[in-house]
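Asks: Supplied structure: upload-v3.txt, compact mmCIF, C-alpha atoms.
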```
# COMPACT_ATOMS: atom_id res chain seq x y z
CA MET A 1 0.00 0.00 0.00
CA ILE A 2 1.22 3.48 -0.89
CA ILE A 3 -0.38 6.36 1.02
CA THR A 4 0.01 9.90 -0.31
CA PHE A 5 -1.11 12.86 1.76
CA LEU A 6 -2.75 15.11 -0.84
CA GLY A 7 -3.61 17.77 1.72
CA THR A 8 -3.07 18.20 5.46
CA GLY A 9 -4.65 21.57 6.21
CA THR A 10 -7.87 22.66 7.83
CA SER A 11 -10.88 24.20 6.07
CA GLN A 12 -9.13 27.50 5.32
CA GLY A 13 -5.86 25.88 4.28
CA VAL A 14 -2.44 27.27 5.17
CA PRO A 15 -1.57 30.02 4.45
CA VAL A 16 -4.91 31.57 5.36
CA ILE A 17 -6.09 34.35 3.06
CA ALA A 18 -4.89 37.79 4.25
CA CYS A 19 -3.03 36.36 7.26
CA ASP A 20 0.49 37.59 8.04
CA CYS A 21 1.30 35.26 10.93
CA GLU A 22 4.65 33.47 11.04
CA VAL A 23 3.12 30.21 9.81
CA CYS A 24 1.28 31.76 6.88
CA THR A 25 4.41 33.64 5.81
CA SER A 26 6.74 30.67 6.34
CA ILE A 27 8.87 29.57 3.38
CA ASP A 28 9.00 25.96 4.66
CA PHE A 29 7.10 23.81 2.16
CA ARG A 30 5.70 21.77 5.07
CA ASP A 31 3.77 24.85 6.21
CA LYS A 32 1.89 25.04 2.89
CA ARG A 33 -1.18 22.95 3.63
CA THR A 34 -4.04 22.39 1.19
CA ARG A 35 -7.38 20.99 2.35
CA THR A 36 -7.24 17.51 3.84
CA SER A 37 -7.34 14.47 1.58
CA VAL A 38 -5.39 11.25 1.08
CA HIS A 39 -4.69 8.98 -1.91
CA ILE A 40 -4.30 5.23 -1.45
CA GLU A 41 -2.88 2.67 -3.87
CA ILE A 42 -3.44 -0.96 -2.92
CA ASP A 43 -3.62 -4.15 -4.98
CA GLY A 44 -3.90 -2.17 -8.21
CA LEU A 45 -6.71 -0.02 -6.82
CA SER A 46 -6.38 3.79 -6.80
CA MET A 47 -8.72 5.70 -4.49
CA VAL A 48 -9.02 8.96 -2.62
CA ILE A 49 -10.67 9.83 0.67
CA ASP A 50 -12.41 13.20 0.19
CA THR A 51 -12.21 15.67 -2.69
CA GLY A 52 -11.78 19.11 -1.17
CA PRO A 53 -11.52 22.49 -2.92
CA ASP A 54 -7.87 21.78 -3.79
CA PHE A 55 -8.53 18.37 -5.35
CA ARG A 56 -7.54 19.37 -8.90
CA THR A 57 -4.28 20.95 -7.76
CA GLN A 58 -3.43 17.96 -5.58
CA ILE A 59 -4.07 15.40 -8.32
CA LEU A 60 -1.96 17.37 -10.81
CA ARG A 61 0.84 17.84 -8.27
CA GLU A 62 1.03 14.10 -7.56
CA ARG A 63 0.58 13.16 -11.25
CA ILE A 64 -2.21 10.71 -10.46
CA LYS A 65 -3.39 9.31 -13.79
CA ARG A 66 -6.04 6.86 -12.64
CA LEU A 67 -8.75 6.92 -10.00
CA ASP A 68 -11.00 3.95 -9.28
CA ALA A 69 -13.07 5.18 -6.32
CA VAL A 70 -13.86 8.13 -4.06
CA LEU A 71 -14.74 7.73 -0.37
CA TYR A 72 -16.26 10.56 1.63
CA THR A 73 -15.88 11.09 5.36
CA HIS A 74 -18.62 13.72 5.75
CA ALA A 75 -20.45 16.50 3.94
CA HIS A 76 -18.47 19.59 4.92
CA LYS A 77 -17.41 21.69 1.95
CA ASP A 78 -13.69 21.38 2.58
CA HIS A 79 -14.08 17.63 1.99
CA THR A 80 -16.50 17.59 -0.95
CA ALA A 81 -16.08 20.77 -3.00
CA GLY A 82 -13.76 19.26 -5.62
CA MET A 83 -16.07 16.47 -6.78
CA ASP A 84 -16.65 18.17 -10.14
CA ASP A 85 -13.05 17.47 -11.13
CA ILE A 86 -13.51 13.71 -11.20
CA ARG A 87 -14.94 14.24 -14.71
CA SER A 88 -11.40 14.24 -16.09
CA PHE A 89 -11.13 10.62 -14.94
CA ASN A 90 -14.55 9.88 -16.49
CA PHE A 91 -13.22 11.05 -19.85
CA ARG A 92 -9.87 9.30 -19.54
CA GLN A 93 -11.17 5.99 -18.17
CA GLN A 94 -14.57 5.91 -19.90
CA MET A 95 -16.35 4.87 -16.73
CA ASP A 96 -18.66 6.28 -14.08
CA MET A 97 -16.79 7.06 -10.88
CA PRO A 98 -17.78 4.86 -7.91
CA VAL A 99 -18.53 7.13 -4.94
CA PHE A 100 -18.91 5.68 -1.44
CA ALA A 101 -20.68 7.82 1.15
CA SER A 102 -23.29 7.84 3.90
CA ALA A 103 -26.90 8.76 3.15
CA GLU A 104 -26.35 12.20 4.69
CA VAL A 105 -23.35 12.89 2.48
CA ILE A 106 -25.18 11.65 -0.61
CA THR A 107 -28.06 14.03 0.12
CA GLN A 108 -25.63 16.94 0.44
CA LEU A 109 -23.83 16.02 -2.79
CA GLN A 110 -27.17 15.91 -4.59
CA LYS A 111 -27.87 19.47 -3.40
CA GLU A 112 -24.43 20.94 -4.07
CA PHE A 113 -23.94 19.18 -7.39
CA SER A 114 -27.55 18.99 -8.57
CA TYR A 115 -26.44 19.09 -12.21
CA VAL A 116 -24.58 15.80 -11.71
CA PHE A 117 -27.77 14.08 -10.59
CA ALA A 118 -30.24 15.79 -12.96
CA GLU A 119 -32.40 13.63 -15.20
CA GLN A 120 -31.39 15.73 -18.19
CA LYS A 121 -27.64 16.18 -17.84
CA TYR A 122 -25.59 18.85 -19.55
CA PRO A 123 -22.88 17.19 -21.70
CA GLY A 124 -19.59 16.70 -19.90
CA VAL A 125 -20.78 16.78 -16.29
CA PRO A 126 -19.23 14.26 -13.89
CA GLN A 127 -20.61 10.74 -14.10
CA VAL A 128 -20.88 8.97 -10.74
CA LYS A 129 -22.11 5.66 -9.44
CA ILE A 130 -23.29 6.18 -5.88
CA HIS A 131 -22.81 3.49 -3.22
CA GLU A 132 -24.48 4.23 0.11
CA ILE A 133 -22.39 2.97 3.01
CA HIS A 134 -23.24 2.32 6.64
CA ASN A 135 -21.19 1.58 9.72
CA GLU A 136 -20.34 -1.90 8.51
CA PRO A 137 -17.56 -3.32 6.33
CA PHE A 138 -17.73 -3.20 2.54
CA SER A 139 -15.31 -3.85 -0.30
CA ILE A 140 -14.11 -2.05 -3.40
CA ARG A 141 -12.93 -4.44 -6.10
CA GLY A 142 -11.91 -6.97 -3.48
CA VAL A 143 -10.25 -4.47 -1.12
CA ALA A 144 -11.90 -4.59 2.31
CA VAL A 145 -12.86 -1.27 3.92
CA THR A 146 -14.05 -0.90 7.51
CA PRO A 147 -15.86 2.37 8.36
CA ILE A 148 -15.14 3.88 11.76
CA GLN A 149 -17.78 6.29 13.04
CA VAL A 150 -16.32 9.18 15.03
CA MET A 151 -17.90 12.40 16.25
CA HIS A 152 -17.14 15.88 14.91
CA TYR A 153 -18.88 17.72 17.74
CA GLN A 154 -22.47 16.50 17.08
CA LEU A 155 -21.87 15.35 13.49
CA PRO A 156 -21.10 11.67 12.79
CA VAL A 157 -18.07 11.34 10.51
CA PHE A 158 -16.65 8.21 8.91
CA GLY A 159 -13.03 7.27 9.21
CA PHE A 160 -11.82 4.22 7.32
CA ARG A 161 -9.56 1.27 8.02
CA ILE A 162 -8.00 -0.44 5.01
CA GLY A 163 -5.70 -3.29 5.99
CA ASP A 164 -3.32 -2.00 8.64
CA PHE A 165 -3.98 1.65 7.74
CA THR A 166 -6.58 3.77 9.56
CA TYR A 167 -7.57 7.28 8.54
CA ILE A 168 -9.53 9.59 10.88
CA THR A 169 -10.20 13.26 10.18
CA ASP A 170 -12.52 15.87 11.67
CA ALA A 171 -13.08 14.28 15.06
CA ASN A 172 -13.05 15.21 18.70
CA ALA A 173 -14.44 11.94 20.10
CA ILE A 174 -14.15 8.26 19.21
CA PRO A 175 -16.63 5.84 20.85
CA GLU A 176 -15.15 2.83 22.61
CA ALA A 177 -16.59 0.33 20.15
CA GLU A 178 -15.01 2.23 17.25
CA LYS A 179 -11.62 2.34 18.99
CA GLU A 180 -11.59 -1.45 18.91
CA LYS A 181 -11.74 -1.34 15.10
CA ILE A 182 -8.64 0.86 15.04
CA LYS A 183 -6.45 -1.06 17.46
CA GLY A 184 -3.76 -3.12 15.79
CA SER A 185 -3.28 -0.61 12.96
CA LYS A 186 0.31 -0.13 11.89
CA ILE A 187 -0.31 3.37 10.57
CA LEU A 188 -2.91 5.73 12.03
CA VAL A 189 -3.80 9.16 10.67
CA LEU A 190 -5.57 11.43 13.14
CA ASN A 191 -6.67 15.05 13.03
CA ALA A 192 -4.94 17.56 15.30
CA LEU A 193 -6.18 21.09 14.66
CA GLN A 194 -4.21 23.29 17.04
CA LYS A 195 -2.96 23.55 20.62
CA LYS A 196 -5.85 25.50 22.10
CA ALA A 197 -9.27 23.97 22.80
CA HIS A 198 -11.73 23.60 19.94
CA ILE A 199 -15.39 22.57 19.88
CA SER A 200 -15.15 19.93 17.15
CA HIS A 201 -11.51 18.88 16.61
CA PHE A 202 -8.85 17.18 18.68
CA THR A 203 -6.27 19.57 20.05
CA LEU A 204 -2.62 18.57 19.81
CA ALA A 205 -2.62 17.24 23.38
CA GLU A 206 -5.88 15.35 22.84
CA ALA A 207 -4.62 13.85 19.59
CA ILE A 208 -1.40 12.71 21.26
CA ALA A 209 -3.35 11.09 24.10
CA MET A 210 -5.67 9.35 21.62
CA ALA A 211 -2.77 8.16 19.49
CA GLU A 212 -1.02 6.71 22.53
CA GLU A 213 -4.22 4.98 23.63
CA LEU A 214 -4.81 3.44 20.20
CA GLY A 215 -1.21 2.29 19.99
CA ALA A 216 -0.44 2.28 16.28
CA GLU A 217 3.18 1.68 15.34
CA GLN A 218 3.23 5.08 13.61
CA THR A 219 0.74 7.95 13.83
CA TYR A 220 0.57 10.96 11.54
CA PHE A 221 -1.38 14.09 12.39
CA THR A 222 -3.36 15.92 9.71
CA HIS A 223 -6.01 18.67 9.33
CA MET A 224 -3.81 21.26 11.01
CA SER A 225 -4.46 24.99 11.11
CA HIS A 226 -2.01 27.87 11.12
CA SER A 227 -2.67 28.13 14.87
CA MET A 228 -0.68 24.93 15.39
CA GLY A 229 2.60 26.74 14.78
CA LYS A 230 5.44 26.05 12.36
CA HIS A 231 6.05 22.43 11.44
CA ARG A 232 9.75 22.59 12.35
CA ASP A 233 9.04 24.19 15.74
CA VAL A 234 6.23 21.94 16.94
CA GLU A 235 7.15 18.51 15.56
CA PRO A 236 10.10 18.10 17.99
CA GLU A 237 7.53 18.26 20.81
CA LEU A 238 5.83 15.07 19.57
CA PRO A 239 6.44 11.69 21.23
CA GLU A 240 8.32 8.95 19.40
CA GLY A 241 6.16 7.27 16.77
CA ILE A 242 4.03 10.38 16.19
CA ASP A 243 4.77 12.88 13.42
CA PHE A 244 3.09 15.67 11.51
CA ALA A 245 2.07 14.75 7.99
CA PHE A 246 2.63 17.31 5.25
CA ASP A 247 1.34 17.76 1.72
CA GLY A 248 3.01 15.30 -0.63
CA LEU A 249 4.25 12.94 2.08
CA LYS A 250 4.29 9.33 0.84
CA VAL A 251 4.21 6.36 3.19
CA THR A 252 4.55 2.72 2.17
CA LEU A 253 2.91 -0.03 4.18
```
Write the structure described by the file as structure tokens, please.
Replies:
Amino acid sequence: MIITFLGTGTSQGVPVIACDCEVCTSIDFRDKRTRTSVHIEIDGLSMVIDTGPDFRTQILRERIKRLDAVLYTHAHKDHTAGMDDIRSFNFRQQMDMPVFASAEVITQLQKEFSYVFAEQKYPGVPQVKIHEIHNEPFSIRGVAVTPIQVMHYQLPVFGFRIGDFTYITDANAIPEAEKEKIKGSKILVLNALQKKAHISHFTLAEAIAMAEELGAEQTYFTHMSHSMGKHRDVEPELPEGIDFAFDGLKVTL
């Protein structure tokens, strides 16, 4: 399995528009964070989790030429806004794009991208094949996927476990039963927004505590805001086996 972090930033990205803080003006490439998404290659299958507003830029940057499936964690715009750009893969691959999402996410996609789901479609719009998922395992072309339902304040969000890789974003609570699905993962990705308290995301301290409880061999933090501080300044504070992800990071499992 090859895991590529397409984006590791929060909803505004980093740098934030019109912000002159030391993170947003940093010249360190690791402090340039597009909206959170990840690409996974496994057993000949190419898939992404979430298509945020930077999806096109991310796909071009990583030179991804094939996409077999899209999985969605939840309906927030910073995770769905780039769905229109899957049409390039429709044209190239001559196939409808399989999209895996909860009923709530599907409803939101139908509202935001009504032209995709219209009975009379304008030529060239994205072609999708919707698969409604629930909190139970499913497979994509023989690759097993286990949803993990976490809470983003009061909003249920799906994380996903694929083999020994678990991906969780936009969470501030994980129910005990869902933690059991994660345990034994070799690589865990977990959101860590910033150091100060937040209503719907793990803080850095909370994310560290959760990572240590779940006990993956290696944990990467994602979905970070400019309030976290510079990558080079904060990463040395992290315990062994826990690191910040950054845009373009590739991990092989």
Asks: Atom CA of Pro175 of chain A to atom CA of Ala101 of chain A: how many Å, to one decimal?
Replies: 20.2 Å
Asks: With only C-alpha atoms counted and 7 Å as the cut-off, give the residues of segment 18-74 of chain A in contact with segment 96-100 of chain A, each with its shortest interatomic distance in Å and the pair that gives it, as CSV.
Replies:
```
residue,atom,partner,partner_atom,distance
A:Asp68,CA,A:Met97,CA,6.8
A:Ala69,CA,A:Pro98,CA,5.0
A:Val70,CA,A:Val99,CA,4.9
A:Leu71,CA,A:Phe100,CA,4.8
A:Tyr72,CA,A:Phe100,CA,6.3
```
Asks: Pick from A:His74, A:His223, A:Lys65, A:Arg161: nearest to Leu190 of chain A, with only C-alpha atoms counted?
Replies: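 Answer, going by the shortest atom-to-atom distance: A:His223.
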Asks: At what distance in Å, to one decimal, does atom CA of Tyr153 of chain A lie from atom CA of Val23 of chain A?
Replies: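 Interatomic distance, atom CA of Val23 of chain A to atom CA of Tyr153 of chain A: 26.5 Å.
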Asks: Using all atoms listed in the file, determine which residues lie at most 12 Å from Gln110 of chain A, disregarding the query and same-chain residues fewer than 6 positions distant; provide the list as a PyMOL selection string.
Replies: chain A and resi 75+80+83+101+103-104+116-118+128+130
Asks: Here is a test: counting all atoms listed in the file, which residue of A:Ile162, A:Ile199, A:Glu112, A:His76 is nearest to Ile40 of chain A?
Replies: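 Counting all atoms listed in the file, the residue closest to Ile40 of chain A is A:Ile162.
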Asks: Quick one: 3 Å padding each side, axis-aligned, all listed atoms of segment 112-123 of chain A - centre and edge lengths in Å to one decimal, as AutoDock Vina command-line options?
Replies:
```
--center_x -27.6 --center_y 17.3 --center_z -12.9 --size_x 15.5 --size_y 13.3 --size_z 23.6
```
Asks: By how many Å are atom CA of Lys181 of chain A and atom CA of Ala245 of chain A apart?
Replies: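 Distance between the two atoms: 22.4 Å.
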Asks: When you count only C-alpha atoms, which of these residues is closest to Lys129 of chain A: A:Ile27, A:Met95, A:Val105, A:Val150?
Replies: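 Of all the options, A:Met95 lies closest to Lys129 of chain A.
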Asks: Hey, can you pull every residue with an atom no more than 9 Å from (-17.5, 13.0, -15.6), using all atoms listed in the file, and send it as a PDB file with C-alpha atoms, in the coordinates of the input?
Replies:
```pdb
ATOM      1  CA  ASP A  84     -16.650  18.170 -10.140  1.00  0.00           C
ATOM      2  CA  ASP A  85     -13.050  17.470 -11.130  1.00  0.00           C
ATOM      3  CA  ILE A  86     -13.510  13.710 -11.200  1.00  0.00           C
ATOM      4  CA  ARG A  87     -14.940  14.240 -14.710  1.00  0.00           C
ATOM      5  CA  SER A  88     -11.400  14.240 -16.090  1.00  0.00           C
ATOM      6  CA  PHE A  89     -11.130  10.620 -14.940  1.00  0.00           C
ATOM      7  CA  ASN A  90     -14.550   9.880 -16.490  1.00  0.00           C
ATOM      8  CA  PHE A  91     -13.220  11.050 -19.850  1.00  0.00           C
ATOM      9  CA  GLN A  94     -14.570   5.910 -19.900  1.00  0.00           C
ATOM     10  CA  MET A  95     -16.350   4.870 -16.730  1.00  0.00           C
ATOM     11  CA  ASP A  96     -18.660   6.280 -14.080  1.00  0.00           C
ATOM     12  CA  MET A  97     -16.790   7.060 -10.880  1.00  0.00           C
ATOM     13  CA  VAL A 116     -24.580  15.800 -11.710  1.00  0.00           C
ATOM     14  CA  GLY A 124     -19.590  16.700 -19.900  1.00  0.00           C
ATOM     15  CA  VAL A 125     -20.780  16.780 -16.290  1.00  0.00           C
ATOM     16  CA  PRO A 126     -19.230  14.260 -13.890  1.00  0.00           C
ATOM     17  CA  GLN A 127     -20.610  10.740 -14.100  1.00  0.00           C
ATOM     18  CA  VAL A 128     -20.880   8.970 -10.740  1.00  0.00           C
TER      19      VAL A 128
END
```
Asks: For Asp164 of chain A, which residue out of A:Phe55, A:Phe29, A:Ala192, A:Met1 is the nearest one, using all atoms listed in the file?
Replies: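 That would be A:Met1, the residue with the smallest distance to Asp164 of chain A.
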Asks: With only C-alpha atoms as the atoms that count, which of A:Ile187, A:Ile59, A:Ala173, A:Ala216 lies nearest to Thr203 of chain A?
Replies: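 Of A:Ile187, A:Ile59, A:Ala173, A:Ala216, the one nearest Thr203 of chain A, counting only C-alpha atoms, is A:Ala173.
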Asks: Pick the closest to Val16 of chain A from A:Gln58, A:Ser227, A:Thr222, A:Thr252: which is it, counting all atoms listed in the file?
Replies: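 Closest to Val16 of chain A, using all atoms listed in the file: A:Ser227.
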Asks: Applying 8 Å and only C-alpha atoms, which residues near Gly163 of chain A remain after dropping the ones on its own chain fewer than 6 positions away? List them as JSON, numbers by chain.
Replies: {"A": [144, 145, 185]}
Asks: Can those selected residues be exported to a file as a short mmCIF file (atom, residue, chain, number, x, y, z; two decimals), in the frame of the given file so that it contains C-alpha atoms?
Replies:
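Final file, out.cif:
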```cif
data_model
loop_
_atom_site.label_atom_id
_atom_site.label_comp_id
_atom_site.auth_asym_id
_atom_site.auth_seq_id
_atom_site.Cartn_x
_atom_site.Cartn_y
_atom_site.Cartn_z
CA ALA A 144 -11.90 -4.59 2.31
CA VAL A 145 -12.86 -1.27 3.92
CA SER A 185 -3.28 -0.61 12.96
#
```
